[in-house]
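Below is entry29.txt, which holds compact mmCIF, C-alpha atoms.
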# COMPACT_ATOMS: atom_id res chain seq x y z
CA MET A 1 20.62 12.46 26.87
CA PRO A 2 17.12 12.62 25.33
CA LYS A 3 16.27 15.67 23.25
CA LEU A 4 13.05 16.39 25.12
CA SER A 5 11.11 15.04 28.05
CA VAL A 6 7.41 14.54 27.24
CA CYS A 7 4.82 13.65 29.86
CA TYR A 8 1.59 12.02 28.67
CA LEU A 9 -1.27 12.91 31.02
CA ALA A 10 -4.44 10.89 31.78
CA VAL A 11 -3.61 7.92 29.54
CA GLN A 12 -6.61 5.60 29.71
CA ASN A 13 -5.30 2.86 27.42
CA PRO A 14 -1.56 2.81 26.64
CA ASP A 15 -2.14 0.06 24.06
CA TYR A 16 -4.66 2.06 22.05
CA PRO A 17 -3.22 2.41 18.50
CA ARG A 18 -3.32 6.22 18.47
CA ASN A 19 -1.57 6.60 21.80
CA ARG A 20 0.96 3.90 21.04
CA ARG A 21 1.88 5.37 17.66
CA VAL A 22 2.50 8.93 18.86
CA ARG A 23 4.52 7.78 21.87
CA ALA A 24 6.58 5.38 19.76
CA TYR A 25 7.34 8.06 17.21
CA LEU A 26 8.55 10.46 19.89
CA LYS A 27 10.70 7.75 21.44
CA GLY A 28 12.14 7.06 18.00
CA LEU A 29 13.27 10.69 17.93
CA ASP A 30 15.14 10.11 21.18
CA CYS A 31 12.56 11.86 23.36
CA GLN A 32 11.91 10.60 26.84
CA VAL A 33 8.19 9.80 27.09
CA ILE A 34 6.56 9.28 30.48
CA PRO A 35 2.92 8.09 30.37
CA LEU A 36 0.84 8.70 33.50
CA ILE A 37 -1.84 6.03 33.27
CA LEU A 38 -5.31 6.37 34.76
CA SER A 39 -6.18 3.15 36.55
CA SER A 40 -9.32 1.39 35.31
CA ASP A 41 -9.44 -1.05 38.21
CA GLY A 42 -13.17 -1.08 38.94
CA GLU A 43 -12.67 -2.89 42.23
CA ARG A 44 -10.92 0.10 43.76
CA ARG A 45 -12.79 3.21 44.82
CA ARG A 46 -12.55 6.15 42.44
CA VAL A 47 -11.13 8.39 45.16
CA THR A 48 -8.39 5.85 45.85
CA ARG A 49 -7.51 5.62 42.17
CA TRP A 50 -7.29 9.41 41.86
CA LEU A 51 -5.13 9.73 44.97
CA ASP A 52 -2.77 7.16 43.46
CA TYR A 53 -2.70 9.10 40.21
CA ILE A 54 -1.92 12.38 41.98
CA ARG A 55 0.93 10.72 43.85
CA GLU A 56 2.27 9.30 40.57
CA ALA A 57 2.00 12.71 38.90
CA TRP A 58 3.94 14.29 41.76
CA ARG A 59 6.59 11.56 41.56
CA GLN A 60 7.03 11.31 37.77
CA GLY A 61 5.10 14.19 36.23
CA ARG A 62 7.13 17.24 37.21
CA GLY A 63 9.71 19.19 35.28
CA HIS A 64 9.01 17.96 31.75
CA ASP A 65 9.49 20.01 28.59
CA ILE A 66 6.05 19.25 27.14
CA TYR A 67 2.78 17.86 28.48
CA VAL A 68 0.36 15.95 26.25
CA LEU A 69 -3.23 15.32 27.30
CA SER A 70 -4.09 11.88 25.98
CA GLU A 71 -6.95 11.02 23.62
CA PHE A 72 -10.27 10.22 25.37
CA SER A 73 -9.33 12.56 28.25
CA MET A 74 -10.45 16.01 27.10
CA LYS A 75 -12.60 16.49 30.20
CA PHE A 76 -9.40 16.69 32.23
CA ALA A 77 -8.04 19.63 30.20
CA PRO A 78 -8.44 22.30 32.93
CA PHE A 79 -6.35 20.20 35.33
CA ALA A 80 -3.81 19.42 32.61
CA TYR A 81 -3.54 23.13 31.80
CA ILE A 82 -2.86 24.05 35.43
CA TRP A 83 -0.30 21.26 35.78
CA ALA A 84 1.53 22.27 32.61
CA ARG A 85 1.64 25.93 33.66
CA LEU A 86 2.88 25.05 37.14
CA ASN A 87 5.72 23.25 35.38
CA ARG A 88 6.27 26.18 32.96
CA ALA A 89 5.66 23.97 29.93
CA PRO A 90 3.30 23.99 26.94
CA LEU A 91 0.27 21.73 26.76
CA ILE A 92 -0.66 19.68 23.71
CA VAL A 93 -4.20 18.26 23.67
CA ASP A 94 -5.01 15.22 21.53
CA ALA A 95 -8.59 15.96 20.47
CA PHE A 96 -8.87 12.67 18.62
CA VAL A 97 -12.30 12.03 20.18
CA GLY A 98 -14.52 14.92 21.20
CA ILE A 99 -16.91 14.53 24.12
CA TYR A 100 -19.99 16.13 22.56
CA GLU A 101 -19.60 14.38 19.21
CA THR A 102 -19.42 11.01 20.95
CA LYS A 103 -22.03 11.36 23.68
CA ILE A 104 -24.58 13.43 21.78
CA ASP A 105 -23.96 13.30 18.04
CA ASP A 106 -23.04 9.62 17.93
CA TRP A 107 -24.76 7.97 20.91
CA ASN A 108 -27.72 10.36 21.26
CA ALA A 109 -27.33 9.91 25.00
CA HIS A 110 -29.10 13.21 25.77
CA ARG A 111 -31.13 15.81 23.93
CA THR A 112 -29.08 18.47 22.14
CA ASP A 113 -30.69 21.20 24.25
CA SER A 114 -30.15 19.38 27.56
CA LEU A 115 -27.91 20.64 30.33
CA ARG A 116 -25.69 17.59 29.96
CA ALA A 117 -25.19 18.28 26.24
CA GLN A 118 -24.19 21.87 27.00
CA LEU A 119 -21.74 20.60 29.61
CA TYR A 120 -20.11 18.35 27.01
CA LYS A 121 -19.79 21.30 24.64
CA LEU A 122 -18.18 23.34 27.40
CA GLN A 123 -15.71 20.58 28.22
CA ASP A 124 -14.67 20.36 24.57
CA PHE A 125 -14.31 24.14 24.32
CA LEU A 126 -12.21 24.37 27.49
CA ALA A 127 -9.90 21.67 26.14
CA TYR A 128 -9.43 23.56 22.88
CA ARG A 129 -8.74 26.84 24.69
CA ALA A 130 -6.38 25.22 27.21
CA ALA A 131 -4.19 23.79 24.47
CA ASP A 132 -1.12 25.49 23.08
CA LEU A 133 -1.41 22.95 20.28
CA ILE A 134 -4.23 20.58 19.31
CA LEU A 135 -3.70 17.21 17.65
CA ILE A 136 -6.41 15.76 15.43
CA ASP A 137 -6.48 12.76 13.12
CA ASN A 138 -7.12 14.11 9.61
CA SER A 139 -7.01 17.34 7.66
CA TYR A 140 -10.80 17.53 7.22
CA ARG A 141 -11.40 17.48 10.97
CA ALA A 142 -8.54 19.94 11.45
CA SER A 143 -10.03 22.48 9.04
CA ARG A 144 -13.49 22.16 10.60
CA LEU A 145 -12.10 22.69 14.08
CA VAL A 146 -10.19 25.81 13.03
CA GLU A 147 -13.40 27.20 11.54
CA ARG A 148 -15.35 26.57 14.74
CA VAL A 149 -12.87 27.75 17.35
CA ALA A 150 -10.98 30.98 16.69
CA GLY A 151 -7.32 31.41 17.55
CA ILE A 152 -6.26 27.80 17.91
CA ARG A 153 -3.36 25.89 16.34
CA VAL A 154 -4.16 22.42 15.01
CA VAL A 155 -1.88 19.74 13.57
CA ASP A 156 -3.36 16.63 11.97
CA LEU A 157 -1.54 13.40 12.74
CA PRO A 158 -3.08 10.42 10.90
CA VAL A 159 -4.12 7.32 12.77
CA GLY A 160 -2.05 5.09 10.50
CA ALA A 161 -1.83 1.31 10.73
CA PRO A 162 0.13 -0.99 13.07
CA VAL A 163 3.17 -3.01 12.00
CA TRP A 164 1.25 -6.27 11.93
CA CYS A 165 -0.64 -5.12 8.82
CA SER A 166 2.52 -5.66 6.79
CA GLU A 167 2.48 -9.32 7.83
CA VAL A 168 -1.03 -10.10 6.60
CA ARG A 169 -1.13 -12.64 3.78
CA ALA A 170 -2.09 -11.76 0.21
CA THR A 171 -5.81 -11.72 -0.50
CA ALA A 172 -7.24 -15.08 -1.51
CA PRO A 173 -8.25 -15.12 -5.18
CA ALA A 174 -11.90 -14.81 -6.21
CA THR A 175 -13.41 -18.30 -5.94
CA GLY A 176 -17.13 -17.58 -6.01
CA GLN A 177 -17.69 -16.39 -2.43
CA ILE A 178 -16.94 -12.98 -0.93
CA ARG A 179 -15.52 -13.14 2.58
CA VAL A 180 -16.31 -9.90 4.40
CA LEU A 181 -14.92 -8.82 7.79
CA PHE A 182 -16.42 -6.35 10.26
CA TYR A 183 -14.89 -5.65 13.65
CA GLY A 184 -15.65 -3.18 16.41
CA ASN A 185 -17.93 -2.71 19.39
CA PHE A 186 -21.11 -2.19 17.37
CA LEU A 187 -21.17 1.53 18.11
CA PRO A 188 -23.71 3.74 16.31
CA LEU A 189 -20.71 5.15 14.45
CA HIS A 190 -20.09 1.72 12.92
CA GLY A 191 -23.57 1.27 11.48
CA ALA A 192 -23.51 -2.53 11.75
CA GLU A 193 -27.29 -2.58 11.34
CA VAL A 194 -26.87 -1.11 7.86
CA LEU A 195 -24.41 -3.86 7.01
CA ILE A 196 -26.79 -6.59 8.19
CA ASP A 197 -29.65 -5.09 6.17
CA SER A 198 -27.46 -5.03 3.07
CA ILE A 199 -26.61 -8.72 3.39
CA ALA A 200 -30.31 -9.54 3.62
CA LEU A 201 -31.04 -7.46 0.51
CA LEU A 202 -28.54 -9.52 -1.52
CA GLY A 203 -30.75 -12.58 -1.37
CA ASN A 204 -29.16 -15.48 -3.22
CA GLU A 205 -27.70 -13.31 -5.95
CA VAL A 206 -24.34 -12.95 -4.23
CA ASN A 207 -22.51 -15.71 -2.38
CA ILE A 208 -21.21 -13.84 0.66
CA SER A 209 -20.10 -14.65 4.20
CA LEU A 210 -19.75 -12.05 6.96
CA THR A 211 -17.60 -12.35 10.08
CA LEU A 212 -18.39 -9.86 12.84
CA ILE A 213 -15.92 -9.50 15.71
CA GLY A 214 -16.66 -7.45 18.79
CA GLY A 215 -18.74 -6.94 21.90
CA GLY A 216 -20.61 -4.11 23.53
CA PRO A 217 -24.24 -3.56 24.51
CA ARG A 218 -25.51 -3.39 20.91
CA ARG A 219 -24.08 -6.70 19.78
CA GLU A 220 -27.16 -8.66 20.87
CA ILE A 221 -29.39 -6.22 18.97
CA VAL A 222 -27.41 -6.81 15.78
CA MET A 223 -27.45 -10.59 16.28
CA GLN A 224 -31.21 -10.51 16.73
CA GLN A 225 -31.54 -8.40 13.61
CA ALA A 226 -29.60 -11.01 11.62
CA ALA A 227 -31.83 -13.75 13.04
CA ASP A 228 -35.02 -11.86 12.22
CA LEU A 229 -33.84 -11.35 8.63
CA GLY A 230 -32.95 -15.02 8.26
CA ILE A 231 -29.26 -14.53 7.46
CA LEU A 232 -27.57 -16.05 10.51
CA ASP A 233 -26.24 -18.78 8.21
CA ARG A 234 -24.20 -16.10 6.42
CA CYS A 235 -22.98 -14.39 9.59
CA GLU A 236 -20.41 -15.54 12.13
CA PHE A 237 -20.37 -13.53 15.36
CA ARG A 238 -17.13 -13.79 17.31
CA ASP A 239 -16.08 -12.36 20.65
CA PRO A 240 -13.58 -9.47 20.80
CA VAL A 241 -9.93 -10.33 20.20
CA PRO A 242 -6.76 -8.38 21.01
CA GLU A 243 -5.86 -5.90 18.30
CA SER A 244 -2.65 -7.81 17.57
CA GLU A 245 -4.72 -10.87 16.58
CA LEU A 246 -6.90 -9.07 14.03
CA GLY A 247 -4.37 -9.86 11.32
CA MET A 248 -5.35 -13.54 11.45
CA PHE A 249 -8.93 -12.63 10.55
CA ILE A 250 -7.91 -10.17 7.85
CA ASP A 251 -5.83 -13.05 6.42
CA ASP A 252 -9.07 -14.88 5.67
CA ALA A 253 -11.04 -11.83 4.52
CA GLN A 254 -11.22 -10.33 1.06
CA ILE A 255 -13.11 -7.17 2.06
CA VAL A 256 -12.79 -5.16 5.29
CA CYS A 257 -15.72 -2.99 6.34
CA GLY A 258 -15.31 0.55 7.58
CA VAL A 259 -18.24 2.47 9.05
CA PHE A 260 -21.74 3.15 7.78
CA GLY A 261 -23.22 5.41 10.49
CA THR A 262 -24.94 8.70 9.70
CA SER A 263 -23.60 10.94 12.47
CA GLU A 264 -21.34 13.93 11.96
CA LYS A 265 -18.58 12.02 13.70
CA ALA A 266 -18.98 9.07 11.34
CA GLU A 267 -18.66 11.50 8.44
CA SER A 268 -15.45 13.09 9.67
CA VAL A 269 -13.25 10.24 10.93
CA ILE A 270 -11.00 7.69 9.25
CA PRO A 271 -11.36 4.78 11.69
CA ASN A 272 -8.62 2.38 12.74
CA LYS A 273 -10.31 -0.43 10.80
CA VAL A 274 -10.16 1.55 7.55
CA TRP A 275 -6.43 2.18 7.99
CA GLN A 276 -5.81 -1.44 8.95
CA GLY A 277 -7.79 -2.86 6.05
CA LEU A 278 -6.07 -0.62 3.53
CA ALA A 279 -2.59 -1.26 4.94
CA SER A 280 -3.29 -5.01 4.80
CA GLY A 281 -3.87 -4.73 1.07
CA ARG A 282 -7.61 -5.35 1.26
CA LEU A 283 -10.49 -3.71 -0.50
CA VAL A 284 -12.30 -1.50 2.04
CA VAL A 285 -15.99 -0.66 1.81
CA THR A 286 -17.11 2.27 3.93
CA ARG A 287 -19.43 5.27 4.00
CA GLU A 288 -18.78 8.39 1.95
CA SER A 289 -16.61 10.90 3.79
CA PRO A 290 -14.66 14.02 2.84
CA ALA A 291 -12.05 12.84 5.34
CA LEU A 292 -11.09 10.12 2.86
CA ASP A 293 -10.06 12.71 0.27
CA GLU A 294 -6.51 12.68 1.61
CA LEU A 295 -6.23 8.92 1.08
CA MET A 296 -7.94 8.59 -2.29
CA PRO A 297 -4.87 9.75 -4.29
CA ILE A 298 -2.79 7.11 -2.49
CA VAL A 299 -5.14 4.11 -2.71
CA PRO A 300 -7.74 5.16 -5.32
CA LYS A 301 -8.79 1.62 -6.31
CA GLN A 302 -8.89 0.27 -2.80
CA ILE A 303 -11.69 2.33 -1.23
CA VAL A 304 -15.33 1.81 -2.16
CA GLN A 305 -17.55 4.54 -0.72
CA VAL A 306 -21.31 4.25 -0.30
CA PRO A 307 -23.89 6.75 0.98
CA ALA A 308 -24.18 6.79 4.78
CA GLY A 309 -26.90 4.58 6.23
CA ASP A 310 -27.93 3.27 2.82
CA ALA A 311 -28.24 -0.52 2.95
CA ALA A 312 -29.48 -0.73 -0.65
CA ALA A 313 -26.43 1.15 -1.96
CA LEU A 314 -24.15 -1.06 0.12
CA ALA A 315 -25.81 -4.20 -1.26
CA GLU A 316 -25.40 -2.84 -4.77
CA SER A 317 -21.68 -2.28 -4.12
CA PHE A 318 -21.25 -5.86 -2.93
CA THR A 319 -23.07 -7.06 -6.05
CA SER A 320 -20.83 -5.00 -8.36
CA ILE A 321 -17.68 -6.21 -6.61
CA TYR A 322 -18.89 -9.82 -6.82
CA ARG A 323 -19.76 -9.69 -10.52
CA ALA A 324 -16.46 -8.02 -11.41
CA GLY A 325 -14.40 -10.43 -9.29
CA GLU A 326 -12.73 -7.47 -7.60
CA TYR A 327 -12.86 -9.08 -4.17
CA GLY A 328 -9.82 -11.22 -5.01
CA VAL A 329 -7.48 -8.28 -5.64
CA TYR A 330 -4.47 -7.78 -3.33
CA PHE A 331 -2.96 -4.29 -3.15
CA ALA A 332 0.64 -5.16 -2.36
CA ASP A 333 2.04 -1.61 -2.36
CA ALA A 334 -0.61 -0.05 -0.14
CA ASN A 335 1.19 -0.53 3.17
CA GLU A 336 4.39 1.19 2.08
CA GLU A 337 2.57 4.06 0.40
CA LEU A 338 0.31 4.70 3.40
CA ASN A 339 3.27 4.56 5.79
CA SER A 340 5.05 7.18 3.69
CA PHE A 341 2.00 9.43 3.90
CA VAL A 342 1.78 9.05 7.69
CA ALA A 343 5.51 9.73 8.07
CA SER A 344 5.16 12.95 6.09
CA ARG A 345 2.46 14.18 8.48
CA PHE A 346 4.44 13.17 11.54
CA ALA A 347 7.34 15.23 10.23
CA PHE A 348 6.08 17.97 12.56
CA PHE A 349 8.03 16.12 15.24
CA ASP A 350 11.17 15.67 13.17
CA VAL A 351 12.75 18.74 14.72
CA SER A 352 11.78 17.67 18.20
CA GLU A 353 14.28 19.93 19.90
CA ASN A 354 12.33 22.87 18.45
CA ILE A 355 8.87 21.76 19.60
CA VAL A 356 9.01 23.87 22.74
CA ARG A 357 10.01 26.97 20.76
CA ARG A 358 7.27 26.30 18.22
CA VAL A 359 4.56 25.67 20.81
CA ARG A 360 5.29 27.93 23.78
CA PRO A 361 4.81 31.30 22.03
CA LEU A 362 1.31 30.38 20.92
CA LYS A 363 -0.18 31.05 24.32
CA SER A 364 1.19 34.56 24.59
CA SER A 365 0.10 35.38 21.04
CA ARG A 366 -3.49 34.49 21.94
CA SER A 367 -3.64 36.30 25.27
Mind turning the file's structure into structure tokens?
Amino acid sequence: MPKLSVCYLAVQNPDYPRNRRVRAYLKGLDCQVIPLILSSDGERRRVTRWLDYIREAWRQGRGHDIYVLSEFSMKFAPFAYIWARLNRAPLIVDAFVGIYETKIDDWNAHRTDSLRAQLYKLQDFLAYRAADLILIDNSYRASRLVERVAGIRVVDLPVGAPVWCSEVRATAPATGQIRVLFYGNFLPLHGAEVLIDSIALLGNEVNISLTLIGGGPRREIVMQQAADLGILDRCEFRDPVPESELGMFIDDAQIVCGVFGTSEKAESVIPNKVWQGLASGRLVVTRESPALDELMPIVPKQIVQVPAGDAAALAESFTSIYRAGEYGVYFADANEELNSFVASRFAFFDVSENIVRRVRPLKSSRS
């Protein structure tokens, strides 16, 4: 018999690395994990999709020991709270991505004093207050959240890297050209425009090639930027690929790019691509962030940090790496050391039979 039964609510993408890792870890501890997946079938009416979800929740979502509200689903926290209480179980909220920080701070979708912005703040706050326990992705974000919202309990579970990172080939030696890899959906968080500007600033001083993988509405803007700056011959734009295929492109890269955006969110996260680049033994160039402080003791020579939004500083970093021949270095021990760090943080779940006892009293202590 499984130790605990855990129901994952409002899962929008069961293959997303964060969701997959937490569920796999719980299953590895002999917990039964039931994900209730929100359909993304755009051809079906929203009402129909929600009726199907409610039926599925009634069929498979009752009587569990713990309920977890999935990442990207914080707006559903009031409903998750009611459902968990009806089932006399604690609710854990994965606050991996906040609504306000994404819609307003990162995308600037609305003015900060707009009604919509205040609604996003309220949705975040209700999710924090509904949770008996909040999951977040690094200790810096955890400490900031505790400072902002009184009386909450937060545990930081790192994003970590997938298994395929251990299968990536050793970095090709320095042969006179730096091969740089960027991947993502060209979000403001990523700061791809800063990267393109930096390549243009290098001129002919550094022999560099840049592969950019991803889609999204801003991709065409970045492509046009590269064309306007006359560096399309150094850039290869490729369509999105499944996450499991990224290893083939890291195989050919010597440097993996992180993020260069200037938002508060960009400052506080350690993105999937940073974890994946590091765990694949590559040098990672990314913006300065206090969130990286927890990784610097583990991979101190592998992370190159530059000021946010500063194309000139990024170009200077590429130049320094090129002249020193550091782009041909392979960090063979990084994967094992990073996995050990992640495992130590996930040790919160090691006594899984005690999770209910550790989580349930929190609500009464705050009431």
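Our summary of the geometry notes that atom CA of A:Leu229 is positioned 26.7 Å from atom CA of A:Ala174.
Atom CA of A:Leu189 to atom CA of A:Gly261 spans 4.7 Å [interatomic distance, one decimal].
All polymer residues at most 7 Å from (-21.8, -14.2, 9.5), using all atoms listed in the file, appear as Ser209, Leu210, Thr211, Leu212, Leu232, Asp233, Arg234, Cys235, Glu236 and Phe237 of chain A.
Candidate residues A:Ser289, A:Ser40, A:Thr319, A:Gln276 were compared for distance to A:Phe182, and the nearest is A:Gln276, using all atoms listed in the file.
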Dump as CSV the rows for residues of stretch 176-275 of chain A within 12 Å of stretch 99-115 of chain A: closest atom pair and distance in Å with one decimal, all atoms listed in the file counted, ordered by chain and rising residue number.
residue,atom,partner,partner_atom,distance
A:Phe186,CA,A:Trp107,CA,11.4
A:Leu187,CA,A:Trp107,CA,7.9
A:Pro188,CA,A:Asp106,CA,6.1
A:Leu189,CA,A:Asp106,CA,6.1
A:His190,CA,A:Asp106,CA,9.8
A:Gly191,CA,A:Asp106,CA,10.6
A:Arg218,CA,A:Trp107,CA,11.4
A:Gly261,CA,A:Asp106,CA,8.6
A:Thr262,CA,A:Asp106,CA,8.5
A:Ser263,CA,A:Asp106,CA,5.6
A:Glu264,CA,A:Asp105,CA,6.7
A:Lys265,CA,A:Glu101,CA,6.1
A:Ala266,CA,A:Asp106,CA,7.8
A:Glu267,CA,A:Asp106,CA,10.6
A:Ser268,CA,A:Glu101,CA,10.5
A:Val269,CA,A:Glu101,CA,11.2
Write the residues of the selection above to a file with C-alpha atoms, as a tab-separated table (two decimals), keeping the file's coordinate frame.
chain	number	residue	atom	x	y	z
A	186	PHE	CA	-21.11	-2.19	17.37
A	187	LEU	CA	-21.17	1.53	18.11
A	188	PRO	CA	-23.71	3.74	16.31
A	189	LEU	CA	-20.71	5.15	14.45
A	190	HIS	CA	-20.09	1.72	12.92
A	191	GLY	CA	-23.57	1.27	11.48
A	218	ARG	CA	-25.51	-3.39	20.91
A	261	GLY	CA	-23.22	5.41	10.49
A	262	THR	CA	-24.94	8.70	9.70
A	263	SER	CA	-23.60	10.94	12.47
A	264	GLU	CA	-21.34	13.93	11.96
A	265	LYS	CA	-18.58	12.02	13.70
A	266	ALA	CA	-18.98	9.07	11.34
A	267	GLU	CA	-18.66	11.50	8.44
A	268	SER	CA	-15.45	13.09	9.67
A	269	VAL	CA	-13.25	10.24	10.93
Wanna dump the stretch 191-276 of chain A-stretch 159-163 of chain A contacts at 10 Å for me, each residue with its shortest atom pair and the distance in Å to one decimal, counting only C-alpha atoms, ordered by chain and number, as CSV?
residue,atom,partner,partner_atom,distance
A:Glu243,CA,A:Pro162,CA,9.3
A:Ser244,CA,A:Pro162,CA,8.6
A:Val269,CA,A:Val159,CA,9.8
A:Ile270,CA,A:Val159,CA,7.7
A:Pro271,CA,A:Val159,CA,7.7
A:Asn272,CA,A:Val159,CA,6.7
A:Lys273,CA,A:Ala161,CA,8.7
A:Val274,CA,A:Ala161,CA,8.9
A:Trp275,CA,A:Ala161,CA,5.4
A:Gln276,CA,A:Ala161,CA,5.2
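Proximity ranking of A:Leu9, A:Met74, A:Ala95, A:Ala24 relative to A:Ala57 places A:Leu9 first, based on all atoms listed in the file.
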Judged by all atoms listed in the file, the minimum distance to A:Gly176 among A:Ile136, A:Val342, A:Ala324, A:Ala279 is found for A:Ala324
At a cut-off of 9 Å, using all atoms listed in the file, what residues contact A:Leu126? Leave out same-chain residues fewer than 5 positions from it and give the result as an MDAnalysis selection string. chainID A and resid 74:75 77:78 121 131
Could you give me, as CSV, every stretch 55-109 of chain A residue with an atom at most 10 Å from stretch 14-21 of chain A, plus its closest atom pair and distance in Å to one decimal, counting only C-alpha atoms, rows ordered by chain then number?
residue,atom,partner,partner_atom,distance
A:Ser70,CA,A:Asn19,CA,7.2
A:Glu71,CA,A:Asn19,CA,7.2
A:Asp94,CA,A:Asn19,CA,9.3
A:Phe96,CA,A:Arg18,CA,8.5
Any idea what's packed within 9 Å of A:Cys7, counting all atoms listed in the file, ignoring anything in its chain fewer than 4 positions away? Could you give it as a list in words?
Gln32, Val33, Ile34, Pro35, Leu36, Gln60, Gly61, Arg62, His64, Asp65, Ile66, Tyr67, Val68 and Leu69 of chain A
Taken to one decimal, the atom CA of A:Asp252-atom CA of A:Arg282 distance is 10.6 Å
Note to self: I'd like the neighbourhood of A:Lys301 as a PyMOL selection string, where a residue qualifies if any of its atoms comes within 12 Å (using all atoms listed in the file), though same-chain residues fewer than 3 positions away should be ignored.
What the structure shows: chain A and resi 278+281-285+295-298+304-305+321+326-327+329-331+333-334
Residues of the last selection are to be written out with C-alpha atoms, as an mmCIF file, in the coordinates of the input.
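Heads up, here's the output in selection.cif:
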data_model
loop_
_atom_site.group_PDB
_atom_site.id
_atom_site.type_symbol
_atom_site.label_atom_id
_atom_site.label_comp_id
_atom_site.auth_asym_id
_atom_site.auth_seq_id
_atom_site.Cartn_x
_atom_site.Cartn_y
_atom_site.Cartn_z
ATOM 1 C CA LEU A 278 -6.070 -0.620 3.530
ATOM 2 C CA GLY A 281 -3.870 -4.730 1.070
ATOM 3 C CA ARG A 282 -7.610 -5.350 1.260
ATOM 4 C CA LEU A 283 -10.490 -3.710 -0.500
ATOM 5 C CA VAL A 284 -12.300 -1.500 2.040
ATOM 6 C CA VAL A 285 -15.990 -0.660 1.810
ATOM 7 C CA LEU A 295 -6.230 8.920 1.080
ATOM 8 C CA MET A 296 -7.940 8.590 -2.290
ATOM 9 C CA PRO A 297 -4.870 9.750 -4.290
ATOM 10 C CA ILE A 298 -2.790 7.110 -2.490
ATOM 11 C CA VAL A 304 -15.330 1.810 -2.160
ATOM 12 C CA GLN A 305 -17.550 4.540 -0.720
ATOM 13 C CA ILE A 321 -17.680 -6.210 -6.610
ATOM 14 C CA GLU A 326 -12.730 -7.470 -7.600
ATOM 15 C CA TYR A 327 -12.860 -9.080 -4.170
ATOM 16 C CA VAL A 329 -7.480 -8.280 -5.640
ATOM 17 C CA TYR A 330 -4.470 -7.780 -3.330
ATOM 18 C CA PHE A 331 -2.960 -4.290 -3.150
ATOM 19 C CA ASP A 333 2.040 -1.610 -2.360
ATOM 20 C CA ALA A 334 -0.610 -0.050 -0.140
#
Name all residues at most 9 Å from A:Arg219 (count all atoms listed in the file; drop same-chain ones fewer than 2 positions away) and give them as a PDB file with C-alpha atoms, in the frame of the given file.
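Generated file (result_30.pdb):
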ATOM      1  CA  ASN A 185     -17.930  -2.710  19.390  1.00  0.00           C
ATOM      2  CA  PHE A 186     -21.110  -2.190  17.370  1.00  0.00           C
ATOM      3  CA  LEU A 187     -21.170   1.530  18.110  1.00  0.00           C
ATOM      4  CA  GLY A 214     -16.660  -7.450  18.790  1.00  0.00           C
ATOM      5  CA  GLY A 215     -18.740  -6.940  21.900  1.00  0.00           C
ATOM      6  CA  GLY A 216     -20.610  -4.110  23.530  1.00  0.00           C
ATOM      7  CA  PRO A 217     -24.240  -3.560  24.510  1.00  0.00           C
ATOM      8  CA  ILE A 221     -29.390  -6.220  18.970  1.00  0.00           C
ATOM      9  CA  VAL A 222     -27.410  -6.810  15.780  1.00  0.00           C
ATOM     10  CA  MET A 223     -27.450 -10.590  16.280  1.00  0.00           C
ATOM     11  CA  GLN A 224     -31.210 -10.510  16.730  1.00  0.00           C
ATOM     12  CA  PHE A 237     -20.370 -13.530  15.360  1.00  0.00           C
TER      13      PHE A 237
END
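In this comparison, which uses only C-alpha atoms, the residue of A:Val47, A:Leu201, A:Val299, A:Ala347 approaching A:Ala313 most closely is A:Leu201.
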Of A:Leu314, A:Ala172, A:Ala192, A:Ile303, the one sitting nearest A:Asp251 when using all atoms listed in the file is A:Ala172
Starting from the sparse input, extend stretch 53-61 of chain A to N, CA and C atoms and give the output as a PDB file, in the frame of the given file.
ATOM      1  N   TYR A  53      -3.133   8.396  41.406  1.00  0.00           N
ATOM      2  CA  TYR A  53      -2.700   9.100  40.210  1.00  0.00           C
ATOM      3  C   TYR A  53      -1.998  10.411  40.575  1.00  0.00           C
ATOM      4  N   ILE A  54      -2.537  11.126  41.548  1.00  0.00           N
ATOM      5  CA  ILE A  54      -1.920  12.380  41.980  1.00  0.00           C
ATOM      6  C   ILE A  54      -0.532  12.134  42.539  1.00  0.00           C
ATOM      7  N   ARG A  55      -0.397  11.058  43.320  1.00  0.00           N
ATOM      8  CA  ARG A  55       0.930  10.720  43.850  1.00  0.00           C
ATOM      9  C   ARG A  55       1.905  10.396  42.725  1.00  0.00           C
ATOM     10  N   GLU A  56       1.414   9.650  41.708  1.00  0.00           N
ATOM     11  CA  GLU A  56       2.270   9.300  40.570  1.00  0.00           C
ATOM     12  C   GLU A  56       2.655  10.542  39.776  1.00  0.00           C
ATOM     13  N   ALA A  57       1.700  11.466  39.614  1.00  0.00           N
ATOM     14  CA  ALA A  57       2.000  12.710  38.900  1.00  0.00           C
ATOM     15  C   ALA A  57       3.049  13.526  39.654  1.00  0.00           C
ATOM     16  N   TRP A  58       2.963  13.553  40.961  1.00  0.00           N
ATOM     17  CA  TRP A  58       3.940  14.290  41.760  1.00  0.00           C
ATOM     18  C   TRP A  58       5.321  13.622  41.673  1.00  0.00           C
ATOM     19  N   ARG A  59       5.322  12.298  41.578  1.00  0.00           N
ATOM     20  CA  ARG A  59       6.590  11.560  41.560  1.00  0.00           C
ATOM     21  C   ARG A  59       7.240  11.602  40.174  1.00  0.00           C
ATOM     22  N   GLN A  60       6.446  11.435  39.105  1.00  0.00           N
ATOM     23  CA  GLN A  60       7.030  11.310  37.770  1.00  0.00           C
ATOM     24  C   GLN A  60       6.617  12.416  36.801  1.00  0.00           C
ATOM     25  N   GLY A  61       5.670  13.251  37.189  1.00  0.00           N
ATOM     26  CA  GLY A  61       5.100  14.190  36.230  1.00  0.00           C
ATOM     27  C   GLY A  61       5.581  15.616  36.338  1.00  0.00           C
TER      28      GLY A  61
END
